[in-house]
Amino acid sequence: MSCDDVTMVPTQEQLVPRGKTRIRSTKTFRSYDQDQMLLMPPSLDDWLPDDHTARFISEVVDELLDLSDIYDSYAEASGAPPYDPAMMLKLLLYAYSTGVTSSREMERRCCVDIAFRWLSANTTPDYRSLARFRRRHEAALGDLFGQVLVLCCEAGLVTLGRVALDGTKLRARASRRKSMSYERLGPRIEEIEAQVATMLAEAEATDSAEDEAYGVDKRGDEIPEELRRRETRIAKMRQAKEAIEAEARVKADRHTKATTSKKAELNKQAPTNTVAKTETTVVDDDAKVAGSTKATTETVSPASTDTDATQTPIRPNPKAQRSFTDPDSRMMKTNDGFQFAYNAQAVVDEGSQVIVTTKVTQAATDVNELIPMIEATTTSLKAAKIKRSPRVYLADAGYCSEANLGHITKFDINALVATGRMKHNERVSESPRGRIPKNTTRRERMARPLRTKSGRIDYARRKAIVEPVFGQMKVRQKAGHLRLRGLQGAETEWTLHSICHNLRKLSNARVNAGLAMA
């Protein structure tokens, strides 16, 4: 009998898969069977805890927010039926509140995460739909921020006693390798133009050979892929160069107007005195940020008119850089060194660290944002139908300037702004009392309330009010790195992060606010 005629009968041990092999033990364990069938269809609602954040976000969107503007935008939309905006908004808010900012990761979570599956009603929106929804409703996020601020106010989370203003850097989605400084743009453009000219000459000389290579159906004059790529690079370089030159012209015009107005003010104060003609130096902000010691200067007469300023050739700072992937971003100093970033501003209330208003700028410094943020705070409170105003604004030395201090004094704004290092001729006593001398400078006037007992107590709270907010948003919500490119995209994401931050504060206090889930 041959081996082929023998029928091998497997034993009972051979029938048991290796993964099913049980280890003998005297201990009794709970039953475990991944193949166990359920008697009734499963419900995701039973799997999600009652106090889960996803439930709170779903209730806020369904019951408390007005989404009419978002729904109205689909009135004239054509094509396949879109996903429900309420569902998409819930996914975005919950994703950003948990640090998930990638649309592809949101799509993956809708398959493997119970909270995401519960919010999406067991559907899986593709990442393109999520990304388009986020971009499409950028304008509506500002209104949603105001609605959430109203909810926080109604819950008693906004006290409007002390409010702190500060800025933080948000890393742009731009690589340092995809950028170039102004001094390198000119030679590099000429170099690539020479390469393009050489390639065009070679292409023209080999027309007949290309016709044979491309075939009868081809014209033979198609631009090679390498040439198209180089021409695209030249176009991007020209745009970056023109943007730097335009920014330099704007700064020169602004500096000329400021110098002219300052001279006029001096002439009013001392009409008999002659003001010496001085040369002013225009220093590019990018040079300050980059720490460059070789700042480009431009001589401008203080009495020159706007026409003269525009006719004067502007020399941009050679170290000024532009990114090709995100031209709106600027080189700024961050915790990771110099990176392309945006400057995000926020005004935070002391009561529960609720954000009152936000803004994103391209300026590396905060000095020009004090007055606009105070005005934005007033506008935000009026839009939320809050009639009260903050008792005192708190800001660090980065917001201190003669113009800002003068505006605060002129409009009687109660603000405490750190003056930084005083000049050698400026003196303020440790306990200032009595009348303010007439010859007191604006910095000395601001330093007086900062030296009083109440001023010290108020300003000591600045860091404790605003700094934790930035820390929570960057660590928990991953707000330090942006996904969207462009200034508008940065504003959209910063507003979205601010909404999620305020919702988290509202969720923590929902029992006291009467918003407990049924």
# chains A, B, ... in the order shown; residues from 1 in each chain; ligands from 1

$ residues_around --residues "Leu141 in chain A" --least-positions-apart "5" --cutoff "12 Å" --atoms "only C-alpha atoms" --output "list in words"
Leu65, Asp66, Leu67, Asp69, Ile70, Leu89, Leu92, Leu93, Phe133, Arg134, Arg135, Arg136, Gly146, Gln147, Val148, Thr358, Gln488, Gly489, Glu491, Thr492, Glu493, Trp494, Thr495, Leu496, His497, Ser498, Ile499 and Cys500 of chain A

$ residues_around --residues "range 389-391 of chain A" --least-positions-apart "5" --cutoff "12 Å" --atoms "only C-alpha atoms" --output "list in words"
Val158, Thr159, Leu160, Gly161, Arg162, Val163, Ala164, Leu165, Val347, Val348, Asp349, Glu350, Gly351, Val356, Ile374, Glu375, Thr377, Thr378, Thr379, Ser380, Leu381, Lys382, Ile413, Asn414, Ala415, Leu416 and Asp458 of chain A

$ residues_around --residues "Arg330 in chain A" --least-positions-apart "2" --cutoff "9 Å" --atoms "only C-alpha atoms" --output "ChimeraX atom specification"
/A:172,286,321-323,326-328,332,339-342,362-364

$ write_last_selection --atoms "all heavy atoms" --output "CSV table (one decimal), in the first residue's frame"
chain,number,residue,atom,x,y,z
A,172,ALA,N,3.2,78.0,10.6
A,172,ALA,CA,2.5,77.9,9.4
A,172,ALA,C,2.9,76.5,8.7
A,172,ALA,O,3.9,75.9,9.0
A,172,ALA,CB,2.9,79.0,8.5
A,286,ASP,N,11.2,92.4,9.2
A,286,ASP,CA,11.8,91.1,9.0
A,286,ASP,C,13.3,91.1,9.5
A,286,ASP,O,13.7,90.1,10.0
A,286,ASP,CB,11.7,90.6,7.6
A,286,ASP,CG,10.3,90.5,7.1
A,286,ASP,OD1,9.5,90.1,8.0
A,286,ASP,OD2,10.0,90.7,6.0
A,321,GLN,N,12.5,87.3,3.8
A,321,GLN,CA,12.3,86.0,3.1
A,321,GLN,C,10.8,85.9,2.8
A,321,GLN,O,9.9,86.5,3.5
A,321,GLN,CB,12.7,84.9,4.0
A,321,GLN,CG,14.2,84.8,4.3
A,321,GLN,CD,14.7,83.5,4.9
A,321,GLN,OE1,13.9,82.6,4.9
A,321,GLN,NE2,15.8,83.6,5.5
A,322,ARG,N,10.5,85.1,1.8
A,322,ARG,CA,9.2,84.7,1.5
A,322,ARG,C,9.1,83.2,1.2
A,322,ARG,O,10.0,82.6,0.7
A,322,ARG,CB,8.7,85.5,0.2
A,322,ARG,CG,8.3,86.9,0.5
A,322,ARG,CD,7.1,87.0,1.4
A,322,ARG,NE,6.7,88.4,1.6
A,322,ARG,CZ,7.2,89.2,2.5
A,322,ARG,NH1,8.1,88.7,3.3
A,322,ARG,NH2,6.8,90.4,2.6
A,323,SER,N,8.0,82.6,1.7
A,323,SER,CA,7.8,81.2,1.4
A,323,SER,C,7.0,81.0,0.2
A,323,SER,O,6.1,81.7,-0.1
A,323,SER,CB,7.0,80.6,2.6
A,323,SER,OG,6.7,79.2,2.3
A,326,ASP,N,3.5,79.0,1.4
A,326,ASP,CA,2.6,79.8,2.1
A,326,ASP,C,3.1,81.3,2.0
A,326,ASP,O,3.7,81.7,3.0
A,326,ASP,CB,2.3,79.3,3.5
A,326,ASP,CG,1.2,80.1,4.2
A,326,ASP,OD1,0.6,81.0,3.5
A,326,ASP,OD2,0.8,79.7,5.3
A,327,PRO,N,2.8,82.0,1.0
A,327,PRO,CA,3.4,83.3,0.9
A,327,PRO,C,2.9,84.3,1.9
A,327,PRO,O,3.6,85.3,2.2
A,327,PRO,CB,3.0,83.8,-0.5
A,327,PRO,CG,2.6,82.6,-1.3
A,327,PRO,CD,2.1,81.6,-0.2
A,328,ASP,N,1.8,84.0,2.6
A,328,ASP,CA,1.2,85.0,3.6
A,328,ASP,C,2.0,84.8,4.9
A,328,ASP,O,1.9,85.7,5.7
A,328,ASP,CB,-0.3,84.7,3.8
A,328,ASP,CG,-1.1,85.1,2.6
A,328,ASP,OD1,-0.6,85.9,1.8
A,328,ASP,OD2,-2.3,84.7,2.5
A,332,MET,N,9.3,84.2,11.8
A,332,MET,CA,9.2,84.7,13.2
A,332,MET,C,10.0,83.8,14.2
A,332,MET,O,10.2,82.6,13.9
A,332,MET,CB,7.7,84.7,13.6
A,332,MET,CG,6.8,85.5,12.8
A,332,MET,SD,5.1,85.5,13.4
A,332,MET,CE,4.3,86.4,12.1
A,339,GLN,N,11.0,80.3,12.4
A,339,GLN,CA,10.1,79.5,11.5
A,339,GLN,C,9.1,80.4,10.8
A,339,GLN,O,8.8,81.5,11.3
A,339,GLN,CB,9.4,78.4,12.3
A,339,GLN,CG,10.3,77.4,13.1
A,339,GLN,CD,11.0,76.5,12.2
A,339,GLN,OE1,10.7,76.3,11.0
A,339,GLN,NE2,12.0,75.8,12.8
A,340,PHE,N,8.5,79.9,9.7
A,340,PHE,CA,7.4,80.6,9.1
A,340,PHE,C,6.2,80.4,10.0
A,340,PHE,O,5.8,79.3,10.3
A,340,PHE,CB,7.2,80.1,7.7
A,340,PHE,CG,8.2,80.7,6.7
A,340,PHE,CD1,9.2,79.9,6.2
A,340,PHE,CD2,8.0,82.0,6.2
A,340,PHE,CE1,10.1,80.4,5.3
A,340,PHE,CE2,8.9,82.5,5.3
A,340,PHE,CZ,10.0,81.7,4.8
A,341,ALA,N,5.6,81.5,10.4
A,341,ALA,CA,4.5,81.4,11.4
A,341,ALA,C,3.6,82.6,11.2
A,341,ALA,O,3.8,83.5,10.4
A,341,ALA,CB,5.1,81.4,12.8
A,342,TYR,N,2.5,82.6,12.0
A,342,TYR,CA,1.5,83.7,12.1
A,342,TYR,C,1.5,84.1,13.6
A,342,TYR,O,1.8,83.3,14.5
A,342,TYR,CB,0.1,83.3,11.7
A,342,TYR,CG,0.1,83.0,10.2
A,342,TYR,CD1,0.2,81.8,9.7
A,342,TYR,CD2,-0.2,84.1,9.3
A,342,TYR,CE1,0.1,81.5,8.3
A,342,TYR,CE2,-0.3,83.8,7.9
A,342,TYR,CZ,-0.1,82.6,7.4
A,342,TYR,OH,-0.2,82.3,6.1
A,362,GLN,N,0.1,89.0,10.5
A,362,GLN,CA,1.4,88.6,9.9
A,362,GLN,C,2.6,89.3,10.5
A,362,GLN,O,3.7,89.0,10.2
A,362,GLN,CB,1.4,89.0,8.4
A,362,GLN,CG,0.3,88.2,7.6
A,362,GLN,CD,0.2,88.8,6.2
A,362,GLN,OE1,-0.2,89.9,6.0
A,362,GLN,NE2,0.5,88.0,5.2
A,363,ALA,N,2.3,90.2,11.4
A,363,ALA,CA,3.4,91.0,12.1
A,363,ALA,C,4.0,90.1,13.2
A,363,ALA,O,3.3,89.5,13.9
A,363,ALA,CB,2.9,92.3,12.7
A,364,ALA,N,5.4,90.1,13.3
A,364,ALA,CA,6.0,89.3,14.3
A,364,ALA,C,5.9,89.9,15.7
A,364,ALA,O,6.0,89.2,16.7
A,364,ALA,CB,7.5,89.2,13.9

$ residues_around --residues "Leu506 in chain A" --least-positions-apart "4" --cutoff "8 Å" --atoms "only C-alpha atoms" --output "PyMOL selection string"
chain A and resi 151-152+155+157+502+510

$ write_last_selection --atoms "C-alpha atoms" --output "tab-separated table (two decimals), in the first residue's frame"
chain	number	residue	atom	x	y	z
A	151	LEU	CA	-23.65	80.93	25.96
A	152	CYS	CA	-20.60	81.40	28.16
A	155	ALA	CA	-23.66	80.55	32.08
A	157	LEU	CA	-18.40	82.38	32.86
A	502	ASN	CA	-14.75	78.08	25.03
A	510	ARG	CA	-22.45	72.91	32.33

$ closest_residue --among "A:Ile465, A:Leu405, A:Cys111, A:Ala197" --to "Thr441 in chain A" --atoms "only C-alpha atoms"
A:Leu405

$ closest_atom_pairs --of "range 85-130 of chain A" --to "range 41-61 of chain A" --cutoff "12 Å" --atoms "only C-alpha atoms" --output "CSV"
residue,atom,partner,partner_atom,distance
A:Pro85,CA,A:Val61,CA,10.2
A:Ala86,CA,A:Val61,CA,6.8
A:Met87,CA,A:Ser58,CA,8.5
A:Met88,CA,A:Val61,CA,10.5
A:Leu89,CA,A:Val61,CA,7.8
A:Lys90,CA,A:Ser58,CA,6.1
A:Leu91,CA,A:Ala54,CA,8.9
A:Leu92,CA,A:Ile57,CA,10.2
A:Leu93,CA,A:Ile57,CA,7.4
A:Tyr94,CA,A:Ala54,CA,6.3
A:Ala95,CA,A:Ala54,CA,9.5
A:Tyr96,CA,A:Ile57,CA,11.6
A:Ser97,CA,A:Thr53,CA,9.2
A:Thr98,CA,A:Thr53,CA,9.5
A:Asp113,CA,A:Leu48,CA,10.4
A:Ile114,CA,A:Leu48,CA,7.0
A:Ala115,CA,A:Ala54,CA,6.2
A:Phe116,CA,A:Ala54,CA,8.0
A:Arg117,CA,A:Leu44,CA,7.8
A:Trp118,CA,A:Leu44,CA,6.0
A:Leu119,CA,A:Ala54,CA,7.1
A:Ser120,CA,A:Ser58,CA,10.3
A:Ala121,CA,A:Leu44,CA,8.6
A:Asn122,CA,A:Leu44,CA,8.4

$ atom_distance --atom1 "CA of Gln345 in chain A" --atom2 "CA of Asp166 in chain A"
5.9 Å

$ closest_residue --among "A:Ala447, A:Gln477, A:Gly167, A:Arg315" --to "Met373 in chain A" --atoms "only C-alpha atoms"
A:Gly167

$ residues_around --residues "His481 in chain A" --least-positions-apart "6" --cutoff "8 Å" --atoms "only C-alpha atoms" --output "ChimeraX atom specification"
/A:170-173
